[in-house]
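One structure below.
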Amino acid sequence: MRKLMIGAAFAAVMAPGVAAADTCGEVTITEMNWASSAVITSIAKFLMQEGYGCTVSTVPSSTTPSLVSVAETGKPDIVTELWINGAPAYQELQDAGKIITSADVLADGGREGWWVPQYMVDKHPELATLEGIKANPELLGNRFHNCPDGWACKNTNSDLATNFGLVDAGYEVFLHGSGETLASSIAAAYENEEPWLGYYWSPDPLMAKYKMVEVDLGVPYDHEVFTCAANADCTAEGVSSWPVGPVKTVVTTDFAEREPAIAELMSNMSFKNADVLEFLDWMETNKATYDEAAVFFLTTRQDVWADWINDEAKEKLAALLNKS
């Protein structure tokens, strides 16, 4: 019933043409190929269209390609949920004055690392440590699940898996074809209580649904090693733990000058991880789309987003803001 109600709200509030299109021009924004970013993009798109009158186009992308595109073409205008620890080009573009960092879109930062299922650690507590997983590759299927191409974490994991000795210990570093297959590998393993070791992050629907244990890599974060490992053109020789990751929204400098009201909106958009896990868990439980999850957030968490928008947008969105 709740999903039917959200579906009806979706049809009403996502209908195009509600707001006048004379206050904002065309806007391009990334839709990264993972769930939290896709929902956040949908939320931003709705607010820009219906509150500010923008014509918004989403650009399917991921971390590295989005920044390459900004460097080469100046587009897209907005890159959201950019995990900058895995994006060496971010600092280069900012230093060159091509982008402006708008906000910490995940207020608490993002958690990245190597994970094993809780049920594996319950049976074999040593698997919660790097030394334990190196000593017991057969318990984890001799496989490390890595990110797909286009994700900077693929480069990081490839270097660290070698430097930490996983490859020498007998692990295959398996490259997934997409974020969806990486996620489905966790779900399939968990449903059947099978071995799994690999990279993942939080907030994400799977981390809300399944209990995973982050592997203690036994070393501190080393910025120089980690930055090199994330760069496809640099082969890291040392080791490093994953830091709590700053997760940003950036806009191009040209766009911020052209559309200052939207740049201000994007600077205000920031989510607590608990709020993100809430709408991701709702999406997973209800088998909902990204847009439906966005509407769930918009219709239930006005307390979070009402202060993001300016007074004119509040007038245009008064009906939604007054929903109980």
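In the structure tokens, chains take letters A, B, ... by order of appearance, with residues numbered from 1 within each chain and ligands from 1 in the order shown.
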Closest pair table for stretch 101-141 of chain A residues within 7 Å of stretch 225-247 of chain A, only C-alpha atoms, as CSV:
residue,atom,partner,partner_atom,distance
A:Asp104,CA,A:Val247,CA,5.7
A:Val105,CA,A:Val247,CA,6.0
A:Leu106,CA,A:Val247,CA,5.7
A:Gly109,CA,A:Pro246,CA,4.9
A:Gly110,CA,A:Gly245,CA,4.8
A:Arg111,CA,A:Val244,CA,5.3
A:Glu112,CA,A:Trp242,CA,6.2
A:Gly113,CA,A:Trp242,CA,5.7
task = Would you kindly return, as a PyMOL selection string, each protein, DNA or RNA residue with an atom no farther than 12 Å from any atom of A:Asp307, considering only C-alpha atoms and excluding same-chain residues fewer than 6 positions away?
result = chain A and resi 47+264-270+301+313-314+321
What would the file look like if the residues just selected were written as a CSV table (one decimal), in the first residue's frame with all heavy atoms?
chain,number,residue,atom,x,y,z
A,47,LEU,N,13.9,19.1,-7.6
A,47,LEU,CA,13.9,20.4,-7.0
A,47,LEU,C,14.3,21.5,-8.0
A,47,LEU,O,13.7,22.6,-8.0
A,47,LEU,CB,14.9,20.4,-5.8
A,47,LEU,CG,14.5,19.6,-4.6
A,47,LEU,CD1,15.6,19.6,-3.6
A,47,LEU,CD2,13.2,20.0,-4.0
A,264,GLU,N,23.8,27.6,-5.4
A,264,GLU,CA,23.4,27.7,-4.0
A,264,GLU,C,22.6,26.5,-3.5
A,264,GLU,O,22.9,26.0,-2.4
A,264,GLU,CB,22.7,29.0,-3.7
A,264,GLU,CG,22.3,29.2,-2.2
A,264,GLU,CD,21.6,30.5,-1.9
A,264,GLU,OE1,21.2,31.2,-2.9
A,264,GLU,OE2,21.3,30.8,-0.8
A,265,LEU,N,21.6,26.1,-4.3
A,265,LEU,CA,20.8,24.9,-3.9
A,265,LEU,C,21.8,23.7,-3.7
A,265,LEU,O,21.7,23.0,-2.7
A,265,LEU,CB,19.8,24.6,-5.0
A,265,LEU,CG,19.2,23.2,-5.0
A,265,LEU,CD1,18.3,23.1,-3.8
A,265,LEU,CD2,18.4,22.9,-6.3
A,266,MET,N,22.7,23.5,-4.6
A,266,MET,CA,23.6,22.3,-4.5
A,266,MET,C,24.5,22.4,-3.3
A,266,MET,O,24.9,21.4,-2.7
A,266,MET,CB,24.4,22.1,-5.8
A,266,MET,CG,23.5,21.9,-7.1
A,266,MET,SD,22.2,20.6,-6.9
A,266,MET,CE,23.2,19.2,-6.5
A,267,SER,N,24.8,23.7,-2.9
A,267,SER,CA,25.7,23.8,-1.8
A,267,SER,C,24.9,23.5,-0.5
A,267,SER,O,25.6,23.2,0.5
A,267,SER,CB,26.2,25.3,-1.7
A,267,SER,OG,25.2,26.2,-1.4
A,268,ASN,N,23.6,23.6,-0.5
A,268,ASN,CA,22.8,23.3,0.6
A,268,ASN,C,22.4,21.8,0.7
A,268,ASN,O,22.0,21.3,1.8
A,268,ASN,CB,21.5,24.1,0.6
A,268,ASN,CG,21.7,25.6,0.8
A,268,ASN,OD1,22.7,26.0,1.4
A,268,ASN,ND2,20.8,26.4,0.2
A,269,MET,N,22.5,21.1,-0.4
A,269,MET,CA,22.1,19.7,-0.4
A,269,MET,C,23.1,18.8,0.3
A,269,MET,O,24.2,18.5,-0.2
A,269,MET,CB,21.9,19.1,-1.8
A,269,MET,CG,20.5,19.6,-2.4
A,269,MET,SD,20.2,18.7,-4.0
A,269,MET,CE,20.1,17.0,-3.4
A,270,SER,N,22.7,18.3,1.5
A,270,SER,CA,23.6,17.4,2.3
A,270,SER,C,22.8,16.5,3.1
A,270,SER,O,21.8,16.9,3.7
A,270,SER,CB,24.5,18.3,3.2
A,270,SER,OG,25.4,17.5,3.9
A,301,ARG,N,10.3,13.6,4.2
A,301,ARG,CA,11.4,14.3,4.9
A,301,ARG,C,11.6,15.8,4.5
A,301,ARG,O,12.7,16.3,4.3
A,301,ARG,CB,12.8,13.5,4.7
A,301,ARG,CG,12.8,12.1,5.2
A,301,ARG,CD,12.4,12.0,6.7
A,301,ARG,NE,13.1,12.9,7.6
A,301,ARG,CZ,14.3,12.6,8.1
A,301,ARG,NH1,14.8,11.4,7.9
A,301,ARG,NH2,14.9,13.4,8.9
A,313,ALA,N,11.3,29.1,-4.7
A,313,ALA,CA,11.1,27.7,-4.9
A,313,ALA,C,10.1,27.2,-3.8
A,313,ALA,O,9.3,26.3,-4.1
A,313,ALA,CB,12.4,27.0,-4.8
A,314,LYS,N,10.2,27.7,-2.6
A,314,LYS,CA,9.2,27.3,-1.6
A,314,LYS,C,7.8,27.6,-2.0
A,314,LYS,O,6.9,26.8,-1.7
A,314,LYS,CB,9.6,27.9,-0.2
A,314,LYS,CG,10.8,27.3,0.4
A,314,LYS,CD,11.1,28.0,1.8
A,314,LYS,CE,12.3,27.4,2.4
A,314,LYS,NZ,12.7,28.1,3.7
A,321,LEU,N,5.3,20.8,0.2
A,321,LEU,CA,5.8,21.1,1.6
A,321,LEU,C,4.7,21.0,2.6
A,321,LEU,O,4.9,20.7,3.8
A,321,LEU,CB,6.4,22.5,1.6
A,321,LEU,CG,7.8,22.7,1.0
A,321,LEU,CD1,8.1,24.2,0.8
A,321,LEU,CD2,8.8,22.1,1.8
request  = Using only C-alpha atoms, determine which residues lie at most 12 Å from A:Ala189, disregarding the query and same-chain residues fewer than 5 positions distant; provide the list as a ChimeraX atom specification.
outcome  = /A:116-120,140-141,145,182-184,194-198,206,210,212
Could you turn the residues from that selection into a file that holds N, CA and C atoms, as a PDB file, in the first residue's frame?
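Writing the result to result.pdb gives the following:
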ATOM      1  N   VAL A 116      33.792  -8.744   4.640  1.00  0.00           N
ATOM      2  CA  VAL A 116      33.364 -10.149   4.611  1.00  0.00           C
ATOM      3  C   VAL A 116      32.027 -10.229   5.343  1.00  0.00           C
ATOM      4  N   PRO A 117      31.202 -11.215   5.010  1.00  0.00           N
ATOM      5  CA  PRO A 117      29.903 -11.336   5.689  1.00  0.00           C
ATOM      6  C   PRO A 117      30.073 -11.667   7.175  1.00  0.00           C
ATOM      7  N   GLN A 118      29.129 -11.198   7.975  1.00  0.00           N
ATOM      8  CA  GLN A 118      29.151 -11.447   9.409  1.00  0.00           C
ATOM      9  C   GLN A 118      29.150 -12.933   9.719  1.00  0.00           C
ATOM     10  N   TYR A 119      28.397 -13.727   8.921  1.00  0.00           N
ATOM     11  CA  TYR A 119      28.324 -15.161   9.222  1.00  0.00           C
ATOM     12  C   TYR A 119      29.669 -15.849   9.030  1.00  0.00           C
ATOM     13  N   MET A 120      30.532 -15.306   8.144  1.00  0.00           N
ATOM     14  CA  MET A 120      31.863 -15.881   7.975  1.00  0.00           C
ATOM     15  C   MET A 120      32.727 -15.596   9.195  1.00  0.00           C
ATOM     16  N   LEU A 140      37.448 -18.316   1.717  1.00  0.00           N
ATOM     17  CA  LEU A 140      36.780 -17.205   1.044  1.00  0.00           C
ATOM     18  C   LEU A 140      36.711 -17.406  -0.465  1.00  0.00           C
ATOM     19  N   GLY A 141      36.790 -18.653  -0.882  1.00  0.00           N
ATOM     20  CA  GLY A 141      36.617 -18.966  -2.300  1.00  0.00           C
ATOM     21  C   GLY A 141      37.756 -18.525  -3.180  1.00  0.00           C
ATOM     22  N   HIS A 145      36.536  -9.687  -4.772  1.00  0.00           N
ATOM     23  CA  HIS A 145      35.594  -9.025  -5.670  1.00  0.00           C
ATOM     24  C   HIS A 145      35.958  -7.546  -5.796  1.00  0.00           C
ATOM     25  N   LEU A 182      28.427  -6.487  -8.902  1.00  0.00           N
ATOM     26  CA  LEU A 182      29.148  -6.478  -7.625  1.00  0.00           C
ATOM     27  C   LEU A 182      28.154  -6.609  -6.473  1.00  0.00           C
ATOM     28  N   ALA A 183      27.074  -5.827  -6.527  1.00  0.00           N
ATOM     29  CA  ALA A 183      26.056  -5.883  -5.474  1.00  0.00           C
ATOM     30  C   ALA A 183      25.374  -7.250  -5.438  1.00  0.00           C
ATOM     31  N   SER A 184      25.035  -7.778  -6.606  1.00  0.00           N
ATOM     32  CA  SER A 184      24.323  -9.060  -6.636  1.00  0.00           C
ATOM     33  C   SER A 184      25.191 -10.196  -6.135  1.00  0.00           C
ATOM     34  N   GLU A 194      27.432 -18.256   1.540  1.00  0.00           N
ATOM     35  CA  GLU A 194      28.635 -18.673   0.823  1.00  0.00           C
ATOM     36  C   GLU A 194      29.773 -17.683   1.088  1.00  0.00           C
ATOM     37  N   PRO A 195      31.018 -18.063   0.769  1.00  0.00           N
ATOM     38  CA  PRO A 195      32.153 -17.163   0.998  1.00  0.00           C
ATOM     39  C   PRO A 195      32.053 -15.904   0.139  1.00  0.00           C
ATOM     40  N   TRP A 196      32.548 -14.797   0.686  1.00  0.00           N
ATOM     41  CA  TRP A 196      32.645 -13.550  -0.090  1.00  0.00           C
ATOM     42  C   TRP A 196      33.684 -12.649   0.572  1.00  0.00           C
ATOM     43  N   LEU A 197      34.548 -12.069  -0.254  1.00  0.00           N
ATOM     44  CA  LEU A 197      35.510 -11.063   0.176  1.00  0.00           C
ATOM     45  C   LEU A 197      35.628 -10.042  -0.944  1.00  0.00           C
ATOM     46  N   GLY A 198      35.574  -8.768  -0.594  1.00  0.00           N
ATOM     47  CA  GLY A 198      35.758  -7.770  -1.632  1.00  0.00           C
ATOM     48  C   GLY A 198      35.537  -6.364  -1.135  1.00  0.00           C
ATOM     49  N   LEU A 206      22.545  -2.504   0.275  1.00  0.00           N
ATOM     50  CA  LEU A 206      23.011  -3.804   0.765  1.00  0.00           C
ATOM     51  C   LEU A 206      23.537  -3.712   2.189  1.00  0.00           C
ATOM     52  N   TYR A 210      22.207  -6.294   4.747  1.00  0.00           N
ATOM     53  CA  TYR A 210      23.070  -7.404   5.141  1.00  0.00           C
ATOM     54  C   TYR A 210      24.157  -6.926   6.111  1.00  0.00           C
ATOM     55  N   MET A 212      27.722  -6.857   7.323  1.00  0.00           N
ATOM     56  CA  MET A 212      29.061  -7.116   6.812  1.00  0.00           C
ATOM     57  C   MET A 212      30.082  -6.592   7.811  1.00  0.00           C
TER      58      MET A 212
END
task = Might you pull out every residue within 12 Å of A:Val79, with only C-alpha atoms counted and same-chain residues fewer than 6 positions away left off, and present them as a count of residues only?
result = 40
key: atom CA of A:Pro260 to atom CA of A:Ala96, distance in Å rounded to a single decimal   = 20.1 Å
request  = Write out as a count of residues only which residues come within 12 Å of A:Asn322 when counting only C-alpha atoms, dropping same-chain ones fewer than 6 positions away.
outcome  = 10
Nearest to A:Glu278, chosen from A:Pro148, A:Gly51, A:Pro203, A:Pro88, with only C-alpha atoms counted in the distances =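 For A:Glu278, the nearest of the given residues is A:Pro203.
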ask   = Within 9 Å of A:Leu127, counting only C-alpha atoms, which residues qualify if same-chain residues fewer than 5 places away don't, as a PyMOL selection string?
value = chain A and resi 116+120-121+132-136+139-140+215
For the selection just defined, write its residues with N, CA and C atoms to a file, as a PDB file, in the first residue's frame.
ATOM      1  N   VAL A 116      33.792  -8.744   4.640  1.00  0.00           N
ATOM      2  CA  VAL A 116      33.364 -10.149   4.611  1.00  0.00           C
ATOM      3  C   VAL A 116      32.027 -10.229   5.343  1.00  0.00           C
ATOM      4  N   MET A 120      30.532 -15.306   8.144  1.00  0.00           N
ATOM      5  CA  MET A 120      31.863 -15.881   7.975  1.00  0.00           C
ATOM      6  C   MET A 120      32.727 -15.596   9.195  1.00  0.00           C
ATOM      7  N   VAL A 121      32.622 -14.366   9.708  1.00  0.00           N
ATOM      8  CA  VAL A 121      33.404 -13.992  10.888  1.00  0.00           C
ATOM      9  C   VAL A 121      32.908 -14.726  12.132  1.00  0.00           C
ATOM     10  N   GLY A 132      44.338 -12.921   8.720  1.00  0.00           N
ATOM     11  CA  GLY A 132      43.426 -14.066   8.686  1.00  0.00           C
ATOM     12  C   GLY A 132      42.950 -14.394   7.293  1.00  0.00           C
ATOM     13  N   ILE A 133      42.640 -13.377   6.496  1.00  0.00           N
ATOM     14  CA  ILE A 133      42.165 -13.682   5.143  1.00  0.00           C
ATOM     15  C   ILE A 133      43.314 -14.147   4.249  1.00  0.00           C
ATOM     16  N   LYS A 134      44.542 -13.653   4.510  1.00  0.00           N
ATOM     17  CA  LYS A 134      45.688 -14.126   3.731  1.00  0.00           C
ATOM     18  C   LYS A 134      46.004 -15.590   4.051  1.00  0.00           C
ATOM     19  N   ALA A 135      45.789 -15.987   5.305  1.00  0.00           N
ATOM     20  CA  ALA A 135      46.110 -17.355   5.717  1.00  0.00           C
ATOM     21  C   ALA A 135      45.037 -18.357   5.317  1.00  0.00           C
ATOM     22  N   ASN A 136      43.857 -17.877   4.908  1.00  0.00           N
ATOM     23  CA  ASN A 136      42.741 -18.791   4.657  1.00  0.00           C
ATOM     24  C   ASN A 136      42.007 -18.481   3.355  1.00  0.00           C
ATOM     25  N   LEU A 139      38.826 -20.503   2.521  1.00  0.00           N
ATOM     26  CA  LEU A 139      37.579 -20.202   3.232  1.00  0.00           C
ATOM     27  C   LEU A 139      36.767 -19.118   2.537  1.00  0.00           C
ATOM     28  N   LEU A 140      37.448 -18.316   1.717  1.00  0.00           N
ATOM     29  CA  LEU A 140      36.780 -17.205   1.044  1.00  0.00           C
ATOM     30  C   LEU A 140      36.711 -17.406  -0.465  1.00  0.00           C
ATOM     31  N   VAL A 215      37.180  -5.527   7.067  1.00  0.00           N
ATOM     32  CA  VAL A 215      38.442  -6.192   7.389  1.00  0.00           C
ATOM     33  C   VAL A 215      39.433  -5.170   7.950  1.00  0.00           C
TER      34      VAL A 215
END
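Interatomic distance, atom CA of A:Glu224 to atom CA of A:Asn85: 11.1 Å.
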inquiry  = Report, in Å with one decimal, the straight-line distance from atom CA of A:Glu191 to atom CA of A:Glu172.
reply    =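 Those two atoms sit 22.5 Å apart.
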query = For A:Asp281, which residue among A:Val167, A:Ala35, A:Cys54, A:Cys153 is the nearest when counting only C-alpha atoms?
reply = A:Ala35
inquiry  = With distances taken over only C-alpha atoms, which residue among A:Trp114, A:Phe279, A:Tyr190, A:Phe164 lies nearest A:Cys147?
reply    =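 Ranking A:Trp114, A:Phe279, A:Tyr190, A:Phe164 by distance to A:Cys147, first place goes to A:Trp114.
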ask   = DSSP on the backbone: what in stretch 27-61 of chain A comes out helix (DSSP H, G or I), as a PyMOL selection string?
value = chain A and resi 35-52
Take the residues from that selection and write them out as a PDB file, in the first residue's frame, keeping C-alpha atoms.
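Output below, filename selection.pdb:
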ATOM      1  CA  ALA A  35      21.993   3.557  -5.934  1.00  0.00           C
ATOM      2  CA  SER A  36      22.574   6.362  -3.449  1.00  0.00           C
ATOM      3  CA  SER A  37      23.917   8.717  -6.113  1.00  0.00           C
ATOM      4  CA  ALA A  38      21.099   7.900  -8.526  1.00  0.00           C
ATOM      5  CA  VAL A  39      18.454   8.709  -5.905  1.00  0.00           C
ATOM      6  CA  ILE A  40      20.223  11.912  -4.849  1.00  0.00           C
ATOM      7  CA  THR A  41      20.381  12.974  -8.501  1.00  0.00           C
ATOM      8  CA  SER A  42      16.651  12.307  -8.849  1.00  0.00           C
ATOM      9  CA  ILE A  43      15.951  14.451  -5.764  1.00  0.00           C
ATOM     10  CA  ALA A  44      18.107  17.284  -7.125  1.00  0.00           C
ATOM     11  CA  LYS A  45      16.477  17.014 -10.557  1.00  0.00           C
ATOM     12  CA  PHE A  46      12.994  17.358  -9.086  1.00  0.00           C
ATOM     13  CA  LEU A  47      13.927  20.403  -6.995  1.00  0.00           C
ATOM     14  CA  MET A  48      15.637  22.093  -9.930  1.00  0.00           C
ATOM     15  CA  GLN A  49      12.773  21.441 -12.339  1.00  0.00           C
ATOM     16  CA  GLU A  50       9.791  22.074 -10.129  1.00  0.00           C
ATOM     17  CA  GLY A  51      11.260  24.649  -7.756  1.00  0.00           C
ATOM     18  CA  TYR A  52      13.509  26.646 -10.087  1.00  0.00           C
TER      19      TYR A  52
END
request  = Can you work out which one of A:Gly74, A:Arg143, A:Glu126, A:Asp216 has the shortest atom-to-atom distance to A:Tyr171, counting only C-alpha atoms?
outcome  = A:Arg143
